[in-house]
Amino acid sequence: MNAEGYFREKIVKEDIGEEILSFAAEIYPICRSITGNGVRETLRAIGAHVPLEIHEVPTGTAVFDWVIPQEWNIRGAYIKNERGEKIVDFSRSNLHVMSFSVPVRQHMSLTELKQHVYTLPDQPDLIPYRTSYYAENWAFCMPHRLLESLRDETYEVVIDSHLQDGHLTYGEYLHRGRTEEEFLLSAHVCHPSLANDNCSGVALLTQLAKHMEGMQTRYSYRFLFAPGTIGAITWLARNEQRSQRIKHGLVVSMVGDGGGPTYKKSRRGDARIDRAMAQTLRHSGLAPSILDFSPYGYDERQYCSPGFNLPVGLFQRSRFGTIPHYHTSADNLDFIAPPHLAVSYRLIAEAIEIIENDAIYRNTMPKCEPQLGRRGLYGMIGGDKDAAAANMAMLWILNLSDGMHSLLDIAERANLPFAVIQRTAQILLHKGLLVTSEIAVDEPGVSGDMRP
Amino acid sequence: MNAEGYFREKIVKEDIGEEILSFAAEIYPICRSITGNGVRETLRAIGAHVPLEIHEVPTGTAVFDWVIPQEWNIRGAYIKNERGEKIVDFSRSNLHVMSFSVPVRQHMSLTELKQHVYTLPDQPDLIPYRTSYYAENWAFCMPHRLLESLRDETYEVVIDSHLQDGHLTYGEYLHRGRTEEEFLLSAHVCHPSLANDNCSGVALLTQLAKHMEGMQTRYSYRFLFAPGTIGAITWLARNEQRSQRIKHGLVVSMVGDGGGPTYKKSRRGDARIDRAMAQTLRHSGLAPSILDFSPYGYDERQYCSPGFNLPVGLFQRSRFGTIPHYHTSADNLDFIAPPHLAVSYRLIAEAIEIIENDAIYRNTMPKCEPQLGRRGLYGMIGGDKDAAAANMAMLWILNLSDGMHSLLDIAERANLPFAVIQRTAQILLHKGLLVTSEIAVDEPGVSGDMRP
Amino acid sequence: MNAEGYFREKIVKEDIGEEILSFAAEIYPICRSITGNGVRETLRAIGAHVPLEIHEVPTGTAVFDWVIPQEWNIRGAYIKNERGEKIVDFSRSNLHVMSFSVPVRQHMSLTELKQHVYTLPDQPDLIPYRTSYYAENWAFCMPHRLLESLRDETYEVVIDSHLQDGHLTYGEYLHRGRTEEEFLLSAHVCHPSLANDNCSGVALLTQLAKHMEGMQTRYSYRFLFAPGTIGAITWLARNEQRSQRIKHGLVVSMVGDGGGPTYKKSRRGDARIDRAMAQTLRHSGLAPSILDFSPYGYDERQYCSPGFNLPVGLFQRSRFGTIPHYHTSADNLDFIAPPHLAVSYRLIAEAIEIIENDAIYRNTMPKCEPQLGRRGLYGMIGGDKDAAAANMAMLWILNLSDGMHSLLDIAERANLPFAVIQRTAQILLHKGLLVTSEIAVDEPGVSGDMRP
C-alpha cells in the first residue's frame, strides 16, 4: 500500500453502500444478546465473507473483574389476552422481550403484568430496547399506546427462554501485514434487531475485512466482532500481552445514518488515529464533530481503561443517545442507507490510508528552495495570481521535511488533505528531492510531539 | 474534614448572611485608617469572636522598603459658616475628613477652603473617600452639590486630629490543622465607614474563623486582619520564613454586594487555589469573572510580589473600581445584604473544601472497567437513555485514577462539580475500587502539571 | 540607542512619507528583471543615498540547486498593425513585454500573435505582469479590451531584447552596530514598473538605511537589495556562514498602500522579530493581520528554508495577491501614498526599537512593592479611581522583573505598548529599583521561553 489512493481504488467499490446494507439486512432479524445462538449465527454469517476465528469462552470464566455469564437463548414469547389474541409476539419483533429475561409461563392480572412492561411514553409508537444481563428479571417491551389500550383482564404471559451454563462467543479475523503491529477494528455484536446499532458497524467491518484480503499492508488489521463490554473485556483478558501490539484502533458503531460524522478521540487525545480521523473528517466536506474522550460510550471504554490506555477511538455517524431512534424499534432497516454506509466506509478507509502512509521524509536540498521549474514541477510562467495554490503542497512538504515532521504533521500544518500531501510527496521522492528519514513515525517521542 | 460537605454542613449556617451583616454593621461606624485607635477598636470587636493575637509595631520600624508611619487619630472635625452652622461635620460621616489629615483650626475664605475640598462632580450627592498617608496634607470630602451651594464667606475650619509616634496595629488568628502548611485568609482593616470595602470582608472572615473552631483540618488557617499595603508588608517583613508555609491563600474584600463573583488569580496563575476557585465559581450557577493576575488591586500585590510569589488570589463580588459605589459614601450598609454575604461565604467554604479534600487515588482495577452493577453501583437495567449522566462521575474517576490525576484534575476534565467527584470517590474508596496513592497532591511537579 | 523614542526622534522625520515616495518615483520607470541593467540602474540610485556594496555574480555560477541565469536586457518592443500603428509599445509601459522574453522580429497573423499574448479578462483595462525566467519564450501583455479590438490582419512583432551571458547583480549595505549580530532587511529589486511591489519597499529601506547612518546600535543592520528568489538564494549561497549571524530579519515589500498592516511570521513562529512585530502592530491603532508562516511569499521562503530556518518575517501593508492591483499596471505611483509609506516606516522603526532595547532587568526590591510615593513615582493622593491606569506599567515591570522576563515579555503580559514599558523601565533603572540582569535576552533558551 505505497501508492496514494490504493484504498480508494482497490477497496472502495462503487456499490459498497449497497453491499454493506445487504449484509446488514441479512443479520438484522437475528435475536442477538451478549451470549447465545444469536451471536453464533451472526458470526457464521460474517464467516461466509472472511475466515473468522470463533472463540467460545465457558460460563463462569473470570475475565478481570467480571465472570462470563450464562448463555441466554429464546425460542419465543407472547402475551395473550382472554380472547386468545397474542397482543405481543416475540416473533414479530425480538425487541419485545427484554434481553436475558428468565423464562416465565404464567397467568396474571394487568396490574401484575405492568410490573414487567417497558414503554416509551414520549415515543408511544415505538418499542424500547432493554436488557438485564446481570440481574435476574424478565420483562416485555411494547409501544406505550398498546399498553394503554390493554383491558383489565387476565393475561397469559409466556417467555420461552433458557439461561444456562454455556459459552460467550466472539469472532476475530487478522489480516496480516508486513509487521506484527496491529490496527484494531472492533464492532459489538450483542444488539438484536437494531439496524444502525450495530448491524451497520458489523456489516461495514465485514466488507472492509473482505476487501482487504490480498492487500499488502504495513500494519496487521485485527477485526473483532464481540458482544459489547463483556466481549471486549474477555478479549483483553485473553490477549493482555497481545493488546500491546495495537498501535491504532477504531470502535465502529452506528455508521448507517446520515448524521455526523462523529469521532470521539482515544483517552490519549493525540494518538495518531485521533489525528488521522480528525484530518479525514475535517477534509470530508461534511460537518464533523470531533469530541474529546469521555469514559461513556462503546468498547473504547475498555480499550481506553487506564490499565490499557490503548490508542482506540470511536467512529459513528450520529452520536449515540442523541437521536430519537436510539435503542428503539425505529432503528430499523429504513434508518440506514447505502450512501451513508458508503461515506462511513470511505472515511475509515481514508484514515487507514493515512496511518499506512504516514512517514517522515527529509528534503535533500534543505538550503533554499530547490529549482522546481527545472524539474518540471512548477508553473513555467511566473506572476500568475492563481499559481500559488497549486504549488502549496510541494512548498509545504519541502519546507517541513526537516526530519522532524511526518506527512500527517505537514498536512495538519498546511491545512491540506493528507492525500494531496502524500501524492505530492511521492512525486518529490521520485524526483530525488525527498529521501526516507532514518526516524520512523512510530518511534517513541516522535509521533504527536513533532507538530509545529 | 474527610467527608464531603463537611464545610457546608458544619459551618454554613442558615443565617450566616445575617450573622456576617450584623458584625459588619457593628464595625461599620468606626473611623479606621492605616494606624490608630480605629484599627484597635475593630480588632477588639473581632477578638470578641475569635482569640485574635494583636501586634503593635512602633512608628519608625523599617519593613522592607517602607517605614511604619505615625499613628493618626481624630476626635472630630467640622466646617462652620458665618451663621455658626456646621455645614460639614465629621460626626455625621467619617468620610468627610481625608484620612491622615493633619490638624487644622483656621478661618478662611471659600476660595482658600476649596483648595482643600474633594468632591465627585459626576456623583454630586456622594462623599468621596480620600487618603493622604505619606504626604502631609489635610482636606475635607463632601457632596459636590454642597460645595456648589456654599456662599463666598469666611468659614471656620477645624480638624481635631493627631499625627504622632505610636504603632501600627494588626491582628491574626491561627486555626491549627494537622500540618503546619498554611492557608492564608487576609482582609484589610484600614478603610473607615465603607460597608462593602471592607467591613464585609472583615466580617466574613471573622465568622469563618469562628465557625472553624474545633474543626479538624489538613491545613492550618491563618486569618490576617491588617491595614492595606503597609499592614501586609509589615506581616511579610516580620514573617519572611513563615510565609513559605503558605500553600494557598485568598485576599477577601467587597464580598457583600450582588455582583460577580470575581476571582483574580495569583501571579502563578495555575496554583491550586486558582484552580479551586475557578472550579467553585464555574459551578456556582452565577456568572463569575475569573481574571488573570495583574499587579494592581489589594494585598495580593504584596503576597504576589516577585520575592514572595505566594499562591494567593483575590476574591470579590463586584470587581473593585467597576461600580459607582466604590470609594464613596454610597458604599454603606444598604449596599450589602445577607444573601450576597452568604453566597460569598459559601463559595469560599467550597474552595476550602476542595483544597482540603483534593487527593490522588488509584483505581485498584485499572484493566477494563470493574463490574459496577455487581457492587450495587450501577443501574441494573441497561439501555436506558438517561442512565449515562448519573454514572459519569464514577466512570471519570475510575478512568483517570491512574495515580497521576487528583480529584480536582478529574473534576476539571469531567466538567463536574468537585463535590460530586469527591463524594463519588468516597464511595469507590469504600467499595475498594480506589486506594490512596503514594503520591501526594502537594508534591513538587505533581499539582497543576498533571492535568490531562 | 539606549533612550526610548530614539528611532522616532532621530529617524522618523515629518516628511519621511514624501521622501520615500520621491525615491520610489525615481526608480519606478526602470525596467528591472532578475538580471540586467535595470537592476544595476536601481542599485546605482540607491547608492546615491547609502554606500552600497555592489556584487556581480557571473552567469552559470551554481548557487545551491540553482544556476545564475543569463543577463536579460531590452531596448524596445512593439506590435505594429498593417496601418503602421504601434498598437503596443514597450516605451509606454515596460509591463507590455513578458520579462525575459527572447528576441523576436516577425510578421504574423492575429491567431499566431494570440499564442503570445497575456491579458486579464476580468480586469480588461489593465496590463498584467508576467515573467518566464527559466523557460525560453516570449510574450506581450496588454489590456484585454485592446486584444479584443484587434482586427484579423498581419502584425509586425518586435522584441529587441538580449539574453546573453553576463551577471546577476545585487547590492548590500551594512550598518555596523556594537555587535556582529545582524538584523537583515531585505527587499526584492527585480520587478519593473510596479510601484508598490516593490519600489515602495526598496525606497523605504533606502531611506531607513540613510537615516540610520551615524546611529549607535546594538545590532548590525544588513540592507539587502537583490532580485527575488535567485538573488536571496545567491546571497545565502555566498554567505552561508555569515547568515548564522542573522538574529532578526524582515523582508519588506508592498509597503505603500493603505491596507493591512500585515506581518507573516518566520518559520520559527515565536522568534523575537515575530513578537516585536506583533507587539508593534497590535498597538498601532490599525487593524493588523498577523499570519502564521507559510512557504509561499517573498524571499522569506529562502531565509526560512529548513536548512537555514532564519528568524525572518515578511512585512507588508496589503497581503500580496489579495488586492486587484497586484501584478498589474494598476500598481502604479497613484497606488502608493506618503501617509501609508510613513506609517510603514514608523512600524518598522518601532519593531527595531523593540529589538534594540529589549532586555532583562531585575527588581532590586523584590519583596513587597517598593514605596513608589517616597520616590515621587506615585500619585500622592490615594483612593482616586483613575490613578490605577497610569501606574500599571510601573507595577507590571516591578512585578515581573524577576530575572526571567524581558521588557517585551512584560509588554506582552501587561498588554501595554513596548515604548511605555521601556520608558518606564528607564525611570525605574534611574531610581535604582531595577538593575540589569546578568542574563541576556539573547541567551539560548531565554528568549521566547520566558513568557508567562
# chains A, B, ... in the order shown; residues from 1 in each chain; ligands from 1
>>> interface_residues(of="chain C", to="chain A", cutoff="6 Å", atoms="only C-alpha atoms", output="list in words")
Asp65, Arg130, Thr131, Ser132, Pro295, Gln302, Ser305, Pro306 and Gly307 of chain C
>>> write_last_selection(atoms="all heavy atoms", output="tab-separated table (two decimals), in the first residue's frame")
chain	number	residue	atom	x	y	z
C	65	ASP	N	20.87	24.73	-5.51
C	65	ASP	CA	20.28	23.94	-6.59
C	65	ASP	C	20.12	24.75	-7.89
C	65	ASP	O	19.62	24.23	-8.88
C	65	ASP	CB	18.91	23.42	-6.12
C	65	ASP	CG	18.34	22.36	-7.05
C	65	ASP	OD1	19.11	21.48	-7.46
C	65	ASP	OD2	17.13	22.43	-7.36
C	130	ARG	N	3.96	39.61	-16.28
C	130	ARG	CA	4.30	38.20	-16.48
C	130	ARG	C	5.81	38.05	-16.66
C	130	ARG	O	6.48	38.94	-17.19
C	130	ARG	CB	3.61	37.62	-17.71
C	130	ARG	CG	2.12	37.39	-17.57
C	130	ARG	CD	1.80	36.23	-16.64
C	130	ARG	NE	0.36	35.99	-16.56
C	130	ARG	CZ	-0.47	36.69	-15.80
C	130	ARG	NH1	-0.01	37.68	-15.08
C	130	ARG	NH2	-1.75	36.40	-15.77
C	131	THR	N	6.32	36.87	-16.23
C	131	THR	CA	7.75	36.57	-16.41
C	131	THR	C	7.92	35.14	-16.89
C	131	THR	O	7.02	34.31	-16.72
C	131	THR	CB	8.52	36.69	-15.07
C	131	THR	OG1	8.13	35.59	-14.23
C	131	THR	CG2	8.25	38.00	-14.36
C	132	SER	N	9.04	34.87	-17.51
C	132	SER	CA	9.38	33.49	-17.90
C	132	SER	C	10.90	33.33	-17.82
C	132	SER	O	11.58	33.23	-18.82
C	132	SER	CB	8.88	33.18	-19.32
C	132	SER	OG	9.18	31.83	-19.63
C	295	PRO	N	4.90	28.70	3.33
C	295	PRO	CA	6.10	28.69	2.47
C	295	PRO	C	5.89	29.38	1.13
C	295	PRO	O	6.73	29.21	0.24
C	295	PRO	CB	6.38	27.18	2.31
C	295	PRO	CG	5.03	26.58	2.40
C	295	PRO	CD	4.22	27.42	3.34
C	302	GLN	N	13.21	31.68	1.18
C	302	GLN	CA	14.58	31.17	1.17
C	302	GLN	C	15.20	31.27	2.57
C	302	GLN	O	15.82	30.32	3.04
C	302	GLN	CB	15.43	31.96	0.15
C	302	GLN	CG	14.77	32.11	-1.22
C	302	GLN	CD	14.26	30.80	-1.82
C	302	GLN	OE1	14.85	29.72	-1.61
C	302	GLN	NE2	13.14	30.87	-2.54
C	305	SER	N	13.91	28.54	4.64
C	305	SER	CA	14.01	27.15	4.17
C	305	SER	C	14.62	26.34	5.32
C	305	SER	O	15.35	26.88	6.15
C	305	SER	CB	14.84	27.07	2.90
C	305	SER	OG	16.15	27.57	3.12
C	306	PRO	N	14.31	25.04	5.38
C	306	PRO	CA	14.68	24.29	6.59
C	306	PRO	C	16.18	24.26	6.86
C	306	PRO	O	16.58	24.17	8.02
C	306	PRO	CB	14.11	22.89	6.33
C	306	PRO	CG	13.85	22.82	4.86
C	306	PRO	CD	13.56	24.21	4.42
C	307	GLY	N	17.00	24.36	5.83
C	307	GLY	CA	18.45	24.35	6.03
C	307	GLY	C	18.97	25.63	6.65
C	307	GLY	O	20.11	25.66	7.15
>>> select_by_dssp(residues="region 93-208 of chain A", states="helix (DSSP H, G or I)", output="list in words")
Asn94, Leu95, His96, Leu110, Thr111, Glu112, Leu113, Lys114, His144, Arg145, Leu146, Leu147, Glu148, Ser149, Ala195, Asn196, Asp197, Asn198, Cys199, Ser200, Gly201, Val202, Ala203, Leu204, Leu205, Thr206, Gln207 and Leu208 of chain A
>>> residues_around(residues="region 199-215 of chain A", least_positions_apart="6", cutoff="6 Å", atoms="only C-alpha atoms", output="number ranges by chain")
A: 11, 20, 23-24, 50, 187, 252-253, 255-256
>>> write_last_selection(atoms="N, CA and C atoms", output="compact mmCIF listing (two decimals), in the first residue's frame")
# COMPACT_ATOMS: atom_id res chain seq x y z
N ILE A 11 -10.39 -0.85 -2.77
CA ILE A 11 -11.43 -1.42 -1.91
C ILE A 11 -12.68 -0.58 -1.79
N ILE A 20 -22.86 -3.25 1.84
CA ILE A 20 -22.91 -3.22 3.30
C ILE A 20 -24.37 -3.35 3.77
N PHE A 23 -25.65 -6.91 3.62
CA PHE A 23 -25.23 -7.80 4.70
C PHE A 23 -25.88 -7.40 6.03
N ALA A 24 -26.04 -6.08 6.23
CA ALA A 24 -26.72 -5.61 7.45
C ALA A 24 -28.14 -6.17 7.49
N VAL A 50 -15.35 -13.67 5.45
CA VAL A 50 -13.94 -13.69 5.85
C VAL A 50 -13.70 -14.87 6.76
N ALA A 187 -16.33 -4.14 16.52
CA ALA A 187 -17.77 -3.83 16.47
C ALA A 187 -18.50 -4.76 17.44
N VAL A 252 -16.33 0.80 15.89
CA VAL A 252 -17.20 1.24 14.81
C VAL A 252 -18.63 0.86 15.16
N SER A 253 -19.49 1.87 15.26
CA SER A 253 -20.90 1.58 15.56
C SER A 253 -21.77 2.67 15.00
N VAL A 255 -23.08 3.44 11.89
CA VAL A 255 -22.44 4.10 10.77
C VAL A 255 -23.33 4.16 9.53
N GLY A 256 -24.64 3.95 9.71
CA GLY A 256 -25.52 3.90 8.55
C GLY A 256 -26.50 5.05 8.43
>>> atom_distance(atom1="CA of Ser109 (chain C)", atom2="CA of Met142 (chain C)")
17.0 Å
>>> closest_residue(among="A:Asn332, A:Thr111, A:Thr322, A:Ser243", to="Phe308 (chain A)", atoms="only C-alpha atoms")
A:Ser243
>>> residues_around(residues="region 53-55 of chain A", least_positions_apart="2", cutoff="8 Å", atoms="only C-alpha atoms", output="PDB file with N, CA and C atoms, in the first residue's frame")
ATOM      1  N   LEU A  43     -21.969 -14.503  13.704  1.00  0.00           N
ATOM      2  CA  LEU A  43     -20.564 -14.758  13.371  1.00  0.00           C
ATOM      3  C   LEU A  43     -20.455 -15.725  12.184  1.00  0.00           C
ATOM      4  N   PRO A  51     -12.479 -15.428   6.716  1.00  0.00           N
ATOM      5  CA  PRO A  51     -12.182 -16.619   7.533  1.00  0.00           C
ATOM      6  C   PRO A  51     -12.095 -16.271   9.015  1.00  0.00           C
ATOM      7  N   VAL A  57     -16.005 -19.106  25.094  1.00  0.00           N
ATOM      8  CA  VAL A  57     -15.441 -18.992  26.444  1.00  0.00           C
ATOM      9  C   VAL A  57     -16.504 -19.435  27.442  1.00  0.00           C
ATOM     10  N   LEU A 168     -19.667 -17.768  26.063  1.00  0.00           N
ATOM     11  CA  LEU A 168     -19.694 -16.474  25.387  1.00  0.00           C
ATOM     12  C   LEU A 168     -18.920 -16.655  24.093  1.00  0.00           C
ATOM     13  N   THR A 169     -19.475 -16.146  23.014  1.00  0.00           N
ATOM     14  CA  THR A 169     -18.890 -16.381  21.703  1.00  0.00           C
ATOM     15  C   THR A 169     -18.415 -15.068  21.089  1.00  0.00           C
ATOM     16  N   TYR A 170     -17.220 -15.065  20.549  1.00  0.00           N
ATOM     17  CA  TYR A 170     -16.796 -13.902  19.753  1.00  0.00           C
ATOM     18  C   TYR A 170     -15.957 -14.381  18.588  1.00  0.00           C
ATOM     19  N   GLY A 171     -15.796 -13.511  17.600  1.00  0.00           N
ATOM     20  CA  GLY A 171     -15.025 -13.885  16.422  1.00  0.00           C
ATOM     21  C   GLY A 171     -13.984 -12.842  16.101  1.00  0.00           C
ATOM     22  N   GLU A 172     -12.865 -13.294  15.561  1.00  0.00           N
ATOM     23  CA  GLU A 172     -11.864 -12.308  15.141  1.00  0.00           C
ATOM     24  C   GLU A 172     -11.198 -12.784  13.856  1.00  0.00           C
ATOM     25  N   TYR A 173     -10.728 -11.805  13.116  1.00  0.00           N
ATOM     26  CA  TYR A 173     -10.045 -12.104  11.861  1.00  0.00           C
ATOM     27  C   TYR A 173      -8.834 -11.194  11.787  1.00  0.00           C
TER      28      TYR A 173
END
>>> residues_around(residues="Gly76 (chain C)", least_positions_apart="6", cutoff="10 Å", atoms="only C-alpha atoms", output="VMD selection string")
chain C and resid 89 to 92 94 97 158 to 161
>>> atom_distance(atom1="CA of Ser266 (chain A)", atom2="CA of Gln316 (chain A)")
13.7 Å
>>> atom_distance(atom1="CA of Thr217 (chain A)", atom2="CA of Arg178 (chain A)")
6.1 Å
>>> residues_around(residues="region 338-343 of chain A", least_positions_apart="3", cutoff="7 Å", atoms="only C-alpha atoms", output="VMD selection string")
chain A and resid 16 to 18 20 to 21 255 to 258 346 to 347
>>> closest_residue(among="C:Asn198, C:Gln426, C:Thr154, C:Asn415", to="Ala25 (chain C)", atoms="only C-alpha atoms")
C:Asn198
>>> residues_around(residues="Ile354 (chain B)", least_positions_apart="3", cutoff="7 Å", atoms="only C-alpha atoms", output="ChimeraX atom specification")
/B:276,350-351,357-358,418
>>> select_by_dssp(residues="region 55-108 of chain C", states="strand (DSSP E)", output="VMD selection string")
chain C and resid 55 to 58 62 to 63 66 to 67 71 to 80 86 to 89 104 to 108
